$ cat structure04.cif   # mmCIF, N, CA and C atoms
data_structure
loop_
_atom_site.label_atom_id
_atom_site.label_comp_id
_atom_site.auth_asym_id
_atom_site.auth_seq_id
_atom_site.Cartn_x
_atom_site.Cartn_y
_atom_site.Cartn_z
N MET A 20 108.10 118.71 188.89
CA MET A 20 108.40 119.93 189.59
C MET A 20 108.79 119.61 191.02
N SER A 21 109.95 120.05 191.44
CA SER A 21 110.37 119.79 192.80
C SER A 21 109.67 120.76 193.75
N VAL A 22 109.76 120.48 195.00
CA VAL A 22 109.09 121.28 196.00
C VAL A 22 109.87 122.57 196.29
N THR A 23 109.15 123.67 196.48
CA THR A 23 109.76 124.92 196.90
C THR A 23 109.07 125.36 198.19
N ILE A 24 109.84 126.01 199.04
CA ILE A 24 109.31 126.46 200.33
C ILE A 24 109.73 127.90 200.56
N LYS A 25 108.75 128.72 200.87
CA LYS A 25 109.01 130.11 201.23
C LYS A 25 108.41 130.33 202.61
N SER A 26 109.13 131.05 203.45
CA SER A 26 108.62 131.31 204.79
C SER A 26 108.26 132.78 204.94
N ARG A 27 107.25 133.00 205.77
CA ARG A 27 106.82 134.35 206.11
C ARG A 27 106.20 134.30 207.50
N THR A 28 106.13 135.45 208.13
CA THR A 28 105.60 135.51 209.48
C THR A 28 104.35 136.38 209.50
N VAL A 29 103.32 135.89 210.14
CA VAL A 29 102.11 136.65 210.41
C VAL A 29 101.91 136.60 211.91
N SER A 30 101.99 137.77 212.54
CA SER A 30 101.96 137.87 213.99
C SER A 30 103.14 137.06 214.52
N ASP A 31 102.90 136.06 215.36
CA ASP A 31 104.02 135.24 215.85
C ASP A 31 104.00 133.84 215.23
N VAL A 32 103.29 133.69 214.12
CA VAL A 32 103.15 132.40 213.46
C VAL A 32 104.04 132.38 212.22
N LEU A 33 104.88 131.37 212.13
CA LEU A 33 105.71 131.19 210.94
C LEU A 33 104.94 130.32 209.95
N ILE A 34 104.69 130.86 208.78
CA ILE A 34 103.96 130.13 207.75
C ILE A 34 104.95 129.68 206.68
N LEU A 35 104.95 128.40 206.42
CA LEU A 35 105.79 127.82 205.36
C LEU A 35 104.90 127.52 204.17
N ASP A 36 105.05 128.31 203.11
CA ASP A 36 104.28 128.11 201.88
C ASP A 36 105.01 127.07 201.03
N VAL A 37 104.38 125.92 200.87
CA VAL A 37 104.99 124.81 200.13
C VAL A 37 104.30 124.72 198.77
N ALA A 38 105.09 124.54 197.72
CA ALA A 38 104.54 124.39 196.38
C ALA A 38 105.26 123.26 195.66
N GLY A 39 104.51 122.48 194.88
CA GLY A 39 105.09 121.39 194.11
C GLY A 39 104.83 120.04 194.74
N ARG A 40 105.45 119.04 194.16
CA ARG A 40 105.29 117.66 194.64
C ARG A 40 106.47 117.29 195.54
N PHE A 41 106.17 116.55 196.58
CA PHE A 41 107.24 115.99 197.40
C PHE A 41 107.77 114.75 196.69
N ASP A 42 108.95 114.86 196.11
CA ASP A 42 109.55 113.74 195.41
C ASP A 42 110.65 113.11 196.27
N ILE A 43 111.00 111.89 195.92
CA ILE A 43 112.07 111.20 196.62
C ILE A 43 113.32 112.07 196.61
N GLY A 44 113.93 112.18 197.76
CA GLY A 44 115.17 112.92 197.86
C GLY A 44 115.01 114.39 198.22
N GLU A 45 113.78 114.92 198.14
CA GLU A 45 113.55 116.31 198.53
C GLU A 45 113.69 116.43 200.04
N GLU A 46 114.61 117.24 200.49
CA GLU A 46 114.79 117.41 201.93
C GLU A 46 114.62 118.86 202.34
N SER A 47 114.04 119.66 201.50
CA SER A 47 113.96 121.08 201.80
C SER A 47 113.04 121.40 202.98
N LEU A 48 111.97 120.64 203.19
CA LEU A 48 111.11 120.91 204.33
C LEU A 48 111.85 120.61 205.63
N ARG A 49 112.48 119.48 205.68
CA ARG A 49 113.24 119.11 206.87
C ARG A 49 114.31 120.15 207.16
N GLN A 50 115.04 120.58 206.13
CA GLN A 50 116.10 121.59 206.32
C GLN A 50 115.51 122.94 206.70
N SER A 51 114.39 123.32 206.10
CA SER A 51 113.77 124.60 206.39
C SER A 51 113.35 124.70 207.85
N VAL A 52 112.81 123.64 208.37
CA VAL A 52 112.26 123.67 209.72
C VAL A 52 113.33 123.52 210.79
N LYS A 53 114.43 122.87 210.46
CA LYS A 53 115.46 122.56 211.45
C LYS A 53 115.91 123.76 212.28
N THR A 54 116.12 124.90 211.65
CA THR A 54 116.70 126.04 212.35
C THR A 54 115.68 126.86 213.14
N PHE A 55 114.41 126.82 212.77
CA PHE A 55 113.44 127.71 213.39
C PHE A 55 113.18 127.45 214.88
N PRO A 56 113.04 126.21 215.35
CA PRO A 56 112.84 126.02 216.79
C PRO A 56 114.03 126.55 217.61
N ALA A 57 115.23 126.42 217.08
CA ALA A 57 116.41 126.94 217.79
C ALA A 57 116.38 128.46 217.89
N GLU A 58 115.67 129.10 216.98
CA GLU A 58 115.52 130.56 217.01
C GLU A 58 114.39 131.00 217.93
N GLY A 59 113.74 130.05 218.58
CA GLY A 59 112.66 130.37 219.50
C GLY A 59 111.28 130.39 218.88
N ARG A 60 111.17 130.03 217.64
CA ARG A 60 109.85 129.99 216.98
C ARG A 60 109.09 128.77 217.48
N GLN A 61 107.79 128.95 217.74
CA GLN A 61 107.03 127.84 218.29
C GLN A 61 105.71 127.56 217.57
N ARG A 62 105.24 128.49 216.78
CA ARG A 62 103.95 128.29 216.12
C ARG A 62 104.14 128.29 214.61
N PHE A 63 103.74 127.19 213.98
CA PHE A 63 103.99 126.96 212.56
C PHE A 63 102.72 126.55 211.85
N LEU A 64 102.60 127.03 210.62
CA LEU A 64 101.57 126.54 209.71
C LEU A 64 102.26 126.10 208.44
N LEU A 65 101.91 124.93 207.99
CA LEU A 65 102.42 124.40 206.73
C LEU A 65 101.32 124.60 205.69
N ASN A 66 101.49 125.59 204.82
CA ASN A 66 100.50 125.93 203.81
C ASN A 66 100.68 125.00 202.60
N LEU A 67 99.73 124.10 202.41
CA LEU A 67 99.83 123.08 201.37
C LEU A 67 98.92 123.35 200.18
N VAL A 68 98.44 124.57 200.04
CA VAL A 68 97.48 124.89 198.98
C VAL A 68 98.04 124.59 197.59
N ASP A 69 99.35 124.71 197.39
CA ASP A 69 99.97 124.47 196.09
C ASP A 69 100.69 123.13 195.99
N VAL A 70 100.29 122.19 196.84
CA VAL A 70 100.86 120.84 196.81
C VAL A 70 99.77 119.91 196.29
N PRO A 71 99.90 119.43 195.05
CA PRO A 71 98.84 118.61 194.47
C PRO A 71 98.75 117.21 195.07
N TYR A 72 99.87 116.69 195.55
CA TYR A 72 99.89 115.31 196.04
C TYR A 72 101.02 115.15 197.04
N ILE A 73 100.80 114.33 198.04
CA ILE A 73 101.84 114.02 199.02
C ILE A 73 102.07 112.51 198.97
N GLY A 74 103.27 112.12 198.61
CA GLY A 74 103.65 110.71 198.61
C GLY A 74 104.28 110.32 199.94
N SER A 75 104.81 109.11 200.00
CA SER A 75 105.40 108.63 201.25
C SER A 75 106.58 109.48 201.69
N TRP A 76 107.35 109.99 200.73
CA TRP A 76 108.49 110.84 201.09
C TRP A 76 108.00 112.16 201.68
N GLY A 77 106.94 112.70 201.13
CA GLY A 77 106.37 113.93 201.67
C GLY A 77 105.83 113.73 203.08
N ILE A 78 105.19 112.59 203.31
CA ILE A 78 104.71 112.25 204.66
C ILE A 78 105.90 112.20 205.62
N THR A 79 106.99 111.57 205.17
CA THR A 79 108.20 111.50 205.99
C THR A 79 108.71 112.90 206.33
N GLN A 80 108.69 113.79 205.35
CA GLN A 80 109.15 115.16 205.55
C GLN A 80 108.26 115.91 206.55
N ILE A 81 106.95 115.75 206.42
CA ILE A 81 106.02 116.42 207.33
C ILE A 81 106.21 115.91 208.75
N ILE A 82 106.34 114.60 208.92
CA ILE A 82 106.54 114.03 210.25
C ILE A 82 107.88 114.48 210.82
N SER A 83 108.92 114.53 210.00
CA SER A 83 110.22 114.99 210.45
C SER A 83 110.17 116.45 210.90
N ALA A 84 109.47 117.28 210.12
CA ALA A 84 109.32 118.69 210.49
C ALA A 84 108.56 118.80 211.80
N TRP A 85 107.49 118.06 211.92
CA TRP A 85 106.69 118.07 213.14
C TRP A 85 107.51 117.64 214.35
N THR A 86 108.34 116.61 214.17
CA THR A 86 109.19 116.14 215.26
C THR A 86 110.18 117.22 215.70
N SER A 87 110.78 117.90 214.74
CA SER A 87 111.71 118.99 215.07
C SER A 87 111.00 120.12 215.81
N ILE A 88 109.82 120.45 215.33
CA ILE A 88 109.04 121.53 215.95
C ILE A 88 108.60 121.14 217.35
N ARG A 89 108.13 119.92 217.52
CA ARG A 89 107.69 119.45 218.84
C ARG A 89 108.86 119.38 219.82
N SER A 90 110.05 119.03 219.35
CA SER A 90 111.19 118.96 220.26
C SER A 90 111.55 120.35 220.79
N GLY A 91 111.16 121.39 220.08
CA GLY A 91 111.34 122.76 220.54
C GLY A 91 110.10 123.30 221.23
N ARG A 92 109.20 122.39 221.62
CA ARG A 92 107.95 122.72 222.29
C ARG A 92 107.02 123.56 221.42
N GLY A 93 107.11 123.35 220.12
CA GLY A 93 106.28 124.10 219.19
C GLY A 93 105.05 123.33 218.75
N THR A 94 104.22 123.99 217.95
CA THR A 94 103.02 123.39 217.40
C THR A 94 103.00 123.62 215.89
N MET A 95 102.29 122.76 215.18
CA MET A 95 102.22 122.87 213.73
C MET A 95 100.84 122.44 213.24
N GLY A 96 100.29 123.22 212.33
CA GLY A 96 99.04 122.88 211.69
C GLY A 96 99.23 122.85 210.18
N LEU A 97 98.29 122.25 209.48
CA LEU A 97 98.34 122.14 208.02
C LEU A 97 97.20 122.96 207.43
N VAL A 98 97.52 123.72 206.39
CA VAL A 98 96.53 124.59 205.77
C VAL A 98 96.24 124.13 204.34
N ALA A 99 94.98 123.96 204.05
CA ALA A 99 94.43 123.76 202.71
C ALA A 99 95.09 122.67 201.86
N PRO A 100 95.24 121.47 202.40
CA PRO A 100 95.75 120.42 201.52
C PRO A 100 94.75 120.11 200.41
N ALA A 101 95.25 119.88 199.20
CA ALA A 101 94.40 119.52 198.07
C ALA A 101 93.73 118.18 198.37
N LYS A 102 92.69 117.85 197.61
CA LYS A 102 91.95 116.62 197.87
C LYS A 102 92.85 115.38 197.87
N ALA A 103 93.73 115.26 196.90
CA ALA A 103 94.61 114.09 196.86
C ALA A 103 95.53 114.05 198.08
N ALA A 104 96.03 115.21 198.49
CA ALA A 104 96.89 115.27 199.67
C ALA A 104 96.08 114.95 200.93
N ARG A 105 94.87 115.49 201.00
CA ARG A 105 94.01 115.20 202.16
C ARG A 105 93.67 113.71 202.23
N ASP A 106 93.45 113.08 201.06
CA ASP A 106 93.18 111.65 201.03
C ASP A 106 94.34 110.86 201.62
N VAL A 107 95.56 111.25 201.28
CA VAL A 107 96.75 110.58 201.83
C VAL A 107 96.81 110.79 203.34
N LEU A 108 96.54 112.00 203.80
CA LEU A 108 96.55 112.27 205.24
C LEU A 108 95.49 111.44 205.96
N GLN A 109 94.33 111.26 205.35
CA GLN A 109 93.27 110.44 205.95
C GLN A 109 93.67 108.96 205.95
N PHE A 110 94.22 108.49 204.85
CA PHE A 110 94.63 107.09 204.74
C PHE A 110 95.68 106.73 205.79
N THR A 111 96.62 107.65 206.02
CA THR A 111 97.69 107.40 207.00
C THR A 111 97.28 107.77 208.42
N LYS A 112 96.06 108.27 208.58
CA LYS A 112 95.51 108.70 209.87
C LYS A 112 96.22 109.94 210.43
N LEU A 113 97.00 110.61 209.61
CA LEU A 113 97.67 111.83 210.07
C LEU A 113 96.68 112.99 210.21
N ASP A 114 95.52 112.84 209.61
CA ASP A 114 94.50 113.88 209.79
C ASP A 114 94.01 113.93 211.24
N THR A 115 94.27 112.88 212.01
CA THR A 115 93.92 112.89 213.43
C THR A 115 95.05 113.44 214.29
N ALA A 116 96.25 113.52 213.74
CA ALA A 116 97.40 114.01 214.49
C ALA A 116 97.62 115.51 214.32
N PHE A 117 97.19 116.06 213.19
CA PHE A 117 97.41 117.46 212.89
C PHE A 117 96.10 118.22 212.82
N ALA A 118 96.15 119.47 213.25
CA ALA A 118 95.02 120.37 212.99
C ALA A 118 95.09 120.71 211.50
N ILE A 119 94.00 120.49 210.78
CA ILE A 119 93.96 120.77 209.35
C ILE A 119 92.90 121.84 209.12
N TYR A 120 93.32 122.91 208.46
CA TYR A 120 92.45 124.06 208.24
C TYR A 120 92.12 124.21 206.76
N SER A 121 90.94 124.74 206.48
CA SER A 121 90.52 124.98 205.10
C SER A 121 91.27 126.13 204.46
N ASN A 122 91.62 127.13 205.28
CA ASN A 122 92.33 128.29 204.75
C ASN A 122 93.18 128.94 205.84
N GLU A 123 94.04 129.83 205.42
CA GLU A 123 94.98 130.48 206.33
C GLU A 123 94.27 131.35 207.38
N ALA A 124 93.25 132.06 206.97
CA ALA A 124 92.53 132.93 207.91
C ALA A 124 91.93 132.11 209.06
N GLU A 125 91.35 130.98 208.73
CA GLU A 125 90.78 130.09 209.74
C GLU A 125 91.88 129.61 210.70
N ALA A 126 93.01 129.24 210.16
CA ALA A 126 94.12 128.75 210.99
C ALA A 126 94.63 129.85 211.92
N LEU A 127 94.83 131.04 211.39
CA LEU A 127 95.33 132.15 212.21
C LEU A 127 94.32 132.53 213.29
N GLN A 128 93.05 132.49 212.95
CA GLN A 128 92.02 132.80 213.94
C GLN A 128 92.03 131.76 215.06
N ASP A 129 92.16 130.49 214.71
CA ASP A 129 92.22 129.44 215.71
C ASP A 129 93.48 129.58 216.58
N LEU A 130 94.58 129.92 215.96
CA LEU A 130 95.82 130.11 216.71
C LEU A 130 95.71 131.26 217.69
N ALA A 131 94.97 132.29 217.33
CA ALA A 131 94.80 133.43 218.22
C ALA A 131 94.04 133.03 219.48
N LYS A 132 93.20 132.01 219.38
CA LYS A 132 92.40 131.55 220.52
C LYS A 132 93.10 130.47 221.34
N SER A 133 94.02 129.77 220.71
CA SER A 133 94.61 128.59 221.36
C SER A 133 96.10 128.56 221.15
N SER A 134 96.79 127.99 222.09
CA SER A 134 98.25 127.84 221.95
C SER A 134 98.63 126.45 221.51
N ARG A 135 97.64 125.58 221.32
CA ARG A 135 97.96 124.18 221.00
C ARG A 135 97.31 123.76 219.69
N LEU A 136 98.11 123.30 218.75
CA LEU A 136 97.60 122.73 217.49
C LEU A 136 97.73 121.22 217.54
N CYS A 137 98.96 120.76 217.62
CA CYS A 137 99.21 119.31 217.66
C CYS A 137 100.43 119.05 218.48
#

$ encode --input "structure04.cif" --output "structure tokens"
Amino acid sequence: MSVTIKSRTVSDVLILDVAGRFDIGEESLRQSVKTFPAEGRQRFLLNLVDVPYIGSWGITQIISAWTSIRSGRGTMGLVAPAKAARDVLQFTKLDTAFAIYSNEAEALQDLAKSSRLC
């Protein structure tokens, strides 16, 4: 199953709901994020609840998205990565670079208090 991404806005936070596996050649996350900083969007959550596993290509996509968002002075957090995905984030030490939330409500509450995620 290839990755699908749907975007929605809650308050001033753009939430990207990601579903499926990040497979080699999938560039939809990178493409999805590219236009948003130019539109003035600065606060992003990457909802990973429906992503069972993140491979090296998925890590590349997340870092690329983060780089695009940061270049627009934005912030990005990760929501509810599955255990296998969280294990990959821990192994690569990306769990120290990103704010990782258990659920969307927790992330939105934290964003309401702070302007900085990562």

$ closest_residue --input "structure04.cif" --among "A:Arg92, A:Arg49, A:Gln80, A:Val37" --to "Gln61 of chain A" --atoms "all atoms listed in the file"
A:Arg92

$ select_by_dssp --input "structure04.cif" --residues "chain A" --states "strand (DSSP E or B)" --output "PDB file with N, CA and C atoms, in the coordinates of the input"
ATOM      1  N   THR A  23     109.150 123.670 196.480  1.00  0.00           N
ATOM      2  CA  THR A  23     109.760 124.920 196.900  1.00  0.00           C
ATOM      3  C   THR A  23     109.070 125.360 198.190  1.00  0.00           C
ATOM      4  N   ILE A  24     109.840 126.010 199.040  1.00  0.00           N
ATOM      5  CA  ILE A  24     109.310 126.460 200.330  1.00  0.00           C
ATOM      6  C   ILE A  24     109.730 127.900 200.560  1.00  0.00           C
ATOM      7  N   LYS A  25     108.750 128.720 200.870  1.00  0.00           N
ATOM      8  CA  LYS A  25     109.010 130.110 201.230  1.00  0.00           C
ATOM      9  C   LYS A  25     108.410 130.330 202.610  1.00  0.00           C
ATOM     10  N   SER A  26     109.130 131.050 203.450  1.00  0.00           N
ATOM     11  CA  SER A  26     108.620 131.310 204.790  1.00  0.00           C
ATOM     12  C   SER A  26     108.260 132.780 204.940  1.00  0.00           C
ATOM     13  N   ARG A  27     107.250 133.000 205.770  1.00  0.00           N
ATOM     14  CA  ARG A  27     106.820 134.350 206.110  1.00  0.00           C
ATOM     15  C   ARG A  27     106.200 134.300 207.500  1.00  0.00           C
ATOM     16  N   THR A  28     106.130 135.450 208.130  1.00  0.00           N
ATOM     17  CA  THR A  28     105.600 135.510 209.480  1.00  0.00           C
ATOM     18  C   THR A  28     104.350 136.380 209.500  1.00  0.00           C
ATOM     19  N   VAL A  29     103.320 135.890 210.140  1.00  0.00           N
ATOM     20  CA  VAL A  29     102.110 136.650 210.410  1.00  0.00           C
ATOM     21  C   VAL A  29     101.910 136.600 211.910  1.00  0.00           C
ATOM     22  N   VAL A  32     103.290 133.690 214.120  1.00  0.00           N
ATOM     23  CA  VAL A  32     103.150 132.400 213.460  1.00  0.00           C
ATOM     24  C   VAL A  32     104.040 132.380 212.220  1.00  0.00           C
ATOM     25  N   LEU A  33     104.880 131.370 212.130  1.00  0.00           N
ATOM     26  CA  LEU A  33     105.710 131.190 210.940  1.00  0.00           C
ATOM     27  C   LEU A  33     104.940 130.320 209.950  1.00  0.00           C
ATOM     28  N   ILE A  34     104.690 130.860 208.780  1.00  0.00           N
ATOM     29  CA  ILE A  34     103.960 130.130 207.750  1.00  0.00           C
ATOM     30  C   ILE A  34     104.950 129.680 206.680  1.00  0.00           C
ATOM     31  N   LEU A  35     104.950 128.400 206.420  1.00  0.00           N
ATOM     32  CA  LEU A  35     105.790 127.820 205.360  1.00  0.00           C
ATOM     33  C   LEU A  35     104.900 127.520 204.170  1.00  0.00           C
ATOM     34  N   ASP A  36     105.050 128.310 203.110  1.00  0.00           N
ATOM     35  CA  ASP A  36     104.280 128.110 201.880  1.00  0.00           C
ATOM     36  C   ASP A  36     105.010 127.070 201.030  1.00  0.00           C
ATOM     37  N   VAL A  37     104.380 125.920 200.870  1.00  0.00           N
ATOM     38  CA  VAL A  37     104.990 124.810 200.130  1.00  0.00           C
ATOM     39  C   VAL A  37     104.300 124.720 198.770  1.00  0.00           C
ATOM     40  N   ALA A  38     105.090 124.540 197.720  1.00  0.00           N
ATOM     41  CA  ALA A  38     104.540 124.390 196.380  1.00  0.00           C
ATOM     42  C   ALA A  38     105.260 123.260 195.660  1.00  0.00           C
ATOM     43  N   ARG A  62     105.240 128.490 216.780  1.00  0.00           N
ATOM     44  CA  ARG A  62     103.950 128.290 216.120  1.00  0.00           C
ATOM     45  C   ARG A  62     104.140 128.290 214.610  1.00  0.00           C
ATOM     46  N   PHE A  63     103.740 127.190 213.980  1.00  0.00           N
ATOM     47  CA  PHE A  63     103.990 126.960 212.560  1.00  0.00           C
ATOM     48  C   PHE A  63     102.720 126.550 211.850  1.00  0.00           C
ATOM     49  N   LEU A  64     102.600 127.030 210.620  1.00  0.00           N
ATOM     50  CA  LEU A  64     101.570 126.540 209.710  1.00  0.00           C
ATOM     51  C   LEU A  64     102.260 126.100 208.440  1.00  0.00           C
ATOM     52  N   LEU A  65     101.910 124.930 207.990  1.00  0.00           N
ATOM     53  CA  LEU A  65     102.420 124.400 206.730  1.00  0.00           C
ATOM     54  C   LEU A  65     101.320 124.600 205.690  1.00  0.00           C
ATOM     55  N   ASN A  66     101.490 125.590 204.820  1.00  0.00           N
ATOM     56  CA  ASN A  66     100.500 125.930 203.810  1.00  0.00           C
ATOM     57  C   ASN A  66     100.680 125.000 202.600  1.00  0.00           C
ATOM     58  N   LEU A  67      99.730 124.100 202.410  1.00  0.00           N
ATOM     59  CA  LEU A  67      99.830 123.080 201.370  1.00  0.00           C
ATOM     60  C   LEU A  67      98.920 123.350 200.180  1.00  0.00           C
ATOM     61  N   VAL A  68      98.440 124.570 200.040  1.00  0.00           N
ATOM     62  CA  VAL A  68      97.480 124.890 198.980  1.00  0.00           C
ATOM     63  C   VAL A  68      98.040 124.590 197.590  1.00  0.00           C
ATOM     64  N   ASP A  69      99.350 124.710 197.390  1.00  0.00           N
ATOM     65  CA  ASP A  69      99.970 124.470 196.090  1.00  0.00           C
ATOM     66  C   ASP A  69     100.690 123.130 195.990  1.00  0.00           C
ATOM     67  N   THR A  94     104.220 123.990 217.950  1.00  0.00           N
ATOM     68  CA  THR A  94     103.020 123.390 217.400  1.00  0.00           C
ATOM     69  C   THR A  94     103.000 123.620 215.890  1.00  0.00           C
ATOM     70  N   MET A  95     102.290 122.760 215.180  1.00  0.00           N
ATOM     71  CA  MET A  95     102.220 122.870 213.730  1.00  0.00           C
ATOM     72  C   MET A  95     100.840 122.440 213.240  1.00  0.00           C
ATOM     73  N   GLY A  96     100.290 123.220 212.330  1.00  0.00           N
ATOM     74  CA  GLY A  96      99.040 122.880 211.690  1.00  0.00           C
ATOM     75  C   GLY A  96      99.230 122.850 210.180  1.00  0.00           C
ATOM     76  N   LEU A  97      98.290 122.250 209.480  1.00  0.00           N
ATOM     77  CA  LEU A  97      98.340 122.140 208.020  1.00  0.00           C
ATOM     78  C   LEU A  97      97.200 122.960 207.430  1.00  0.00           C
ATOM     79  N   VAL A  98      97.520 123.720 206.390  1.00  0.00           N
ATOM     80  CA  VAL A  98      96.530 124.590 205.770  1.00  0.00           C
ATOM     81  C   VAL A  98      96.240 124.130 204.340  1.00  0.00           C
ATOM     82  N   ALA A 118      96.150 119.470 213.250  1.00  0.00           N
ATOM     83  CA  ALA A 118      95.020 120.370 212.990  1.00  0.00           C
ATOM     84  C   ALA A 118      95.090 120.710 211.500  1.00  0.00           C
ATOM     85  N   ILE A 119      94.000 120.490 210.780  1.00  0.00           N
ATOM     86  CA  ILE A 119      93.960 120.770 209.350  1.00  0.00           C
ATOM     87  C   ILE A 119      92.900 121.840 209.120  1.00  0.00           C
ATOM     88  N   TYR A 120      93.320 122.910 208.460  1.00  0.00           N
ATOM     89  CA  TYR A 120      92.450 124.060 208.240  1.00  0.00           C
ATOM     90  C   TYR A 120      92.120 124.210 206.760  1.00  0.00           C
TER      91      TYR A 120
END

$ closest_residue --input "structure04.cif" --among "A:Leu48, A:Lys132, A:Val32, A:Gly93" --to "Leu64 of chain A" --atoms "all atoms listed in the file"
A:Val32

$ resolve_selection --input "structure04.cif" --expression "the PyMOL selection byres ((chain A and resi 94-110) around 7)" --output "PyMOL selection string"
chain A and resi 60-73+85+88-89+91-93+111-115+117-123+134-137

$ write_last_selection --input "structure04.cif" --atoms "N, CA and C atoms" --output "CSV table (one decimal), in the coordinates of the input"
chain,number,residue,atom,x,y,z
A,60,ARG,N,111.2,130.0,217.6
A,60,ARG,CA,109.8,130.0,217.0
A,60,ARG,C,109.1,128.8,217.5
A,61,GLN,N,107.8,129.0,217.7
A,61,GLN,CA,107.0,127.8,218.3
A,61,GLN,C,105.7,127.6,217.6
A,62,ARG,N,105.2,128.5,216.8
A,62,ARG,CA,104.0,128.3,216.1
A,62,ARG,C,104.1,128.3,214.6
A,63,PHE,N,103.7,127.2,214.0
A,63,PHE,CA,104.0,127.0,212.6
A,63,PHE,C,102.7,126.6,211.8
A,64,LEU,N,102.6,127.0,210.6
A,64,LEU,CA,101.6,126.5,209.7
A,64,LEU,C,102.3,126.1,208.4
A,65,LEU,N,101.9,124.9,208.0
A,65,LEU,CA,102.4,124.4,206.7
A,65,LEU,C,101.3,124.6,205.7
A,66,ASN,N,101.5,125.6,204.8
A,66,ASN,CA,100.5,125.9,203.8
A,66,ASN,C,100.7,125.0,202.6
A,67,LEU,N,99.7,124.1,202.4
A,67,LEU,CA,99.8,123.1,201.4
A,67,LEU,C,98.9,123.4,200.2
A,68,VAL,N,98.4,124.6,200.0
A,68,VAL,CA,97.5,124.9,199.0
A,68,VAL,C,98.0,124.6,197.6
A,69,ASP,N,99.4,124.7,197.4
A,69,ASP,CA,100.0,124.5,196.1
A,69,ASP,C,100.7,123.1,196.0
A,70,VAL,N,100.3,122.2,196.8
A,70,VAL,CA,100.9,120.8,196.8
A,70,VAL,C,99.8,119.9,196.3
A,71,PRO,N,99.9,119.4,195.0
A,71,PRO,CA,98.8,118.6,194.5
A,71,PRO,C,98.8,117.2,195.1
A,72,TYR,N,99.9,116.7,195.6
A,72,TYR,CA,99.9,115.3,196.0
A,72,TYR,C,101.0,115.2,197.0
A,73,ILE,N,100.8,114.3,198.0
A,73,ILE,CA,101.8,114.0,199.0
A,73,ILE,C,102.1,112.5,199.0
A,85,TRP,N,107.5,118.1,211.9
A,85,TRP,CA,106.7,118.1,213.1
A,85,TRP,C,107.5,117.6,214.4
A,88,ILE,N,109.8,120.4,215.3
A,88,ILE,CA,109.0,121.5,216.0
A,88,ILE,C,108.6,121.1,217.4
A,89,ARG,N,108.1,119.9,217.5
A,89,ARG,CA,107.7,119.4,218.8
A,89,ARG,C,108.9,119.4,219.8
A,91,GLY,N,111.2,121.4,220.1
A,91,GLY,CA,111.3,122.8,220.5
A,91,GLY,C,110.1,123.3,221.2
A,92,ARG,N,109.2,122.4,221.6
A,92,ARG,CA,108.0,122.7,222.3
A,92,ARG,C,107.0,123.6,221.4
A,93,GLY,N,107.1,123.4,220.1
A,93,GLY,CA,106.3,124.1,219.2
A,93,GLY,C,105.0,123.3,218.8
A,111,THR,N,96.6,107.6,206.0
A,111,THR,CA,97.7,107.4,207.0
A,111,THR,C,97.3,107.8,208.4
A,112,LYS,N,96.1,108.3,208.6
A,112,LYS,CA,95.5,108.7,209.9
A,112,LYS,C,96.2,109.9,210.4
A,113,LEU,N,97.0,110.6,209.6
A,113,LEU,CA,97.7,111.8,210.1
A,113,LEU,C,96.7,113.0,210.2
A,114,ASP,N,95.5,112.8,209.6
A,114,ASP,CA,94.5,113.9,209.8
A,114,ASP,C,94.0,113.9,211.2
A,115,THR,N,94.3,112.9,212.0
A,115,THR,CA,93.9,112.9,213.4
A,115,THR,C,95.0,113.4,214.3
A,117,PHE,N,97.2,116.1,213.2
A,117,PHE,CA,97.4,117.5,212.9
A,117,PHE,C,96.1,118.2,212.8
A,118,ALA,N,96.2,119.5,213.2
A,118,ALA,CA,95.0,120.4,213.0
A,118,ALA,C,95.1,120.7,211.5
A,119,ILE,N,94.0,120.5,210.8
A,119,ILE,CA,94.0,120.8,209.4
A,119,ILE,C,92.9,121.8,209.1
A,120,TYR,N,93.3,122.9,208.5
A,120,TYR,CA,92.4,124.1,208.2
A,120,TYR,C,92.1,124.2,206.8
A,121,SER,N,90.9,124.7,206.5
A,121,SER,CA,90.5,125.0,205.1
A,121,SER,C,91.3,126.1,204.5
A,122,ASN,N,91.6,127.1,205.3
A,122,ASN,CA,92.3,128.3,204.8
A,122,ASN,C,93.2,128.9,205.8
A,123,GLU,N,94.0,129.8,205.4
A,123,GLU,CA,95.0,130.5,206.3
A,123,GLU,C,94.3,131.4,207.4
A,134,SER,N,96.8,128.0,222.1
A,134,SER,CA,98.2,127.8,222.0
A,134,SER,C,98.6,126.4,221.5
A,135,ARG,N,97.6,125.6,221.3
A,135,ARG,CA,98.0,124.2,221.0
A,135,ARG,C,97.3,123.8,219.7
A,136,LEU,N,98.1,123.3,218.8
A,136,LEU,CA,97.6,122.7,217.5
A,136,LEU,C,97.7,121.2,217.5
A,137,CYS,N,99.0,120.8,217.6
A,137,CYS,CA,99.2,119.3,217.7
A,137,CYS,C,100.4,119.0,218.5

$ atom_distance --input "structure04.cif" --atom1 "atom CA of Ser47 of chain A" --atom2 "atom C of Ser90 of chain A"
19.2 Å

$ select_by_dssp --input "structure04.cif" --residues "chain A" --states "helix (DSSP H, G or I)" --output "number ranges by chain"
A: 47-53, 56-58, 75-90, 102-110, 113-115, 123-132

$ atom_distance --input "structure04.cif" --atom1 "atom C of Val22 of chain A" --atom2 "atom C of Ala38 of chain A"
4.7 Å

$ atom_distance --input "structure04.cif" --atom1 "atom CA of Thr86 of chain A" --atom2 "atom CA of Ala57 of chain A"
13.2 Å

$ resolve_selection --input "structure04.cif" --expression "the PyMOL selection byres ((chain A and resi 41) around 6)" --output "list of chain:residue names"
A:Val22, A:Gly39, A:Arg40, A:Asp42, A:Ile43, A:Tyr72, A:Ile73, A:Gly74, A:Trp76, A:Gly77

$ residues_near_point --input "structure04.cif" --point "(110.2, 128.3, 209.7)" --cutoff "7 Å" --atoms "all atoms listed in the file" --output "list in words"
Ser26, Arg27, Leu33, Ile34, Leu35, Ser51, Val52, Lys53, Thr54, Phe55, Pro56 and Phe63 of chain A

$ decode --input "structure04.cif" --residues "segment 125-130 of chain A" --atoms "C-alpha atoms" --output "CSV table (one decimal), in the first residue's frame"
chain,number,residue,atom,x,y,z
A,125,GLU,CA,-2.2,16.5,23.3
A,126,ALA,CA,-0.3,18.1,20.3
A,127,LEU,CA,-2.9,20.8,19.8
A,128,GLN,CA,-3.0,21.6,23.5
A,129,ASP,CA,0.8,21.9,23.5
A,130,LEU,CA,0.8,24.1,20.4
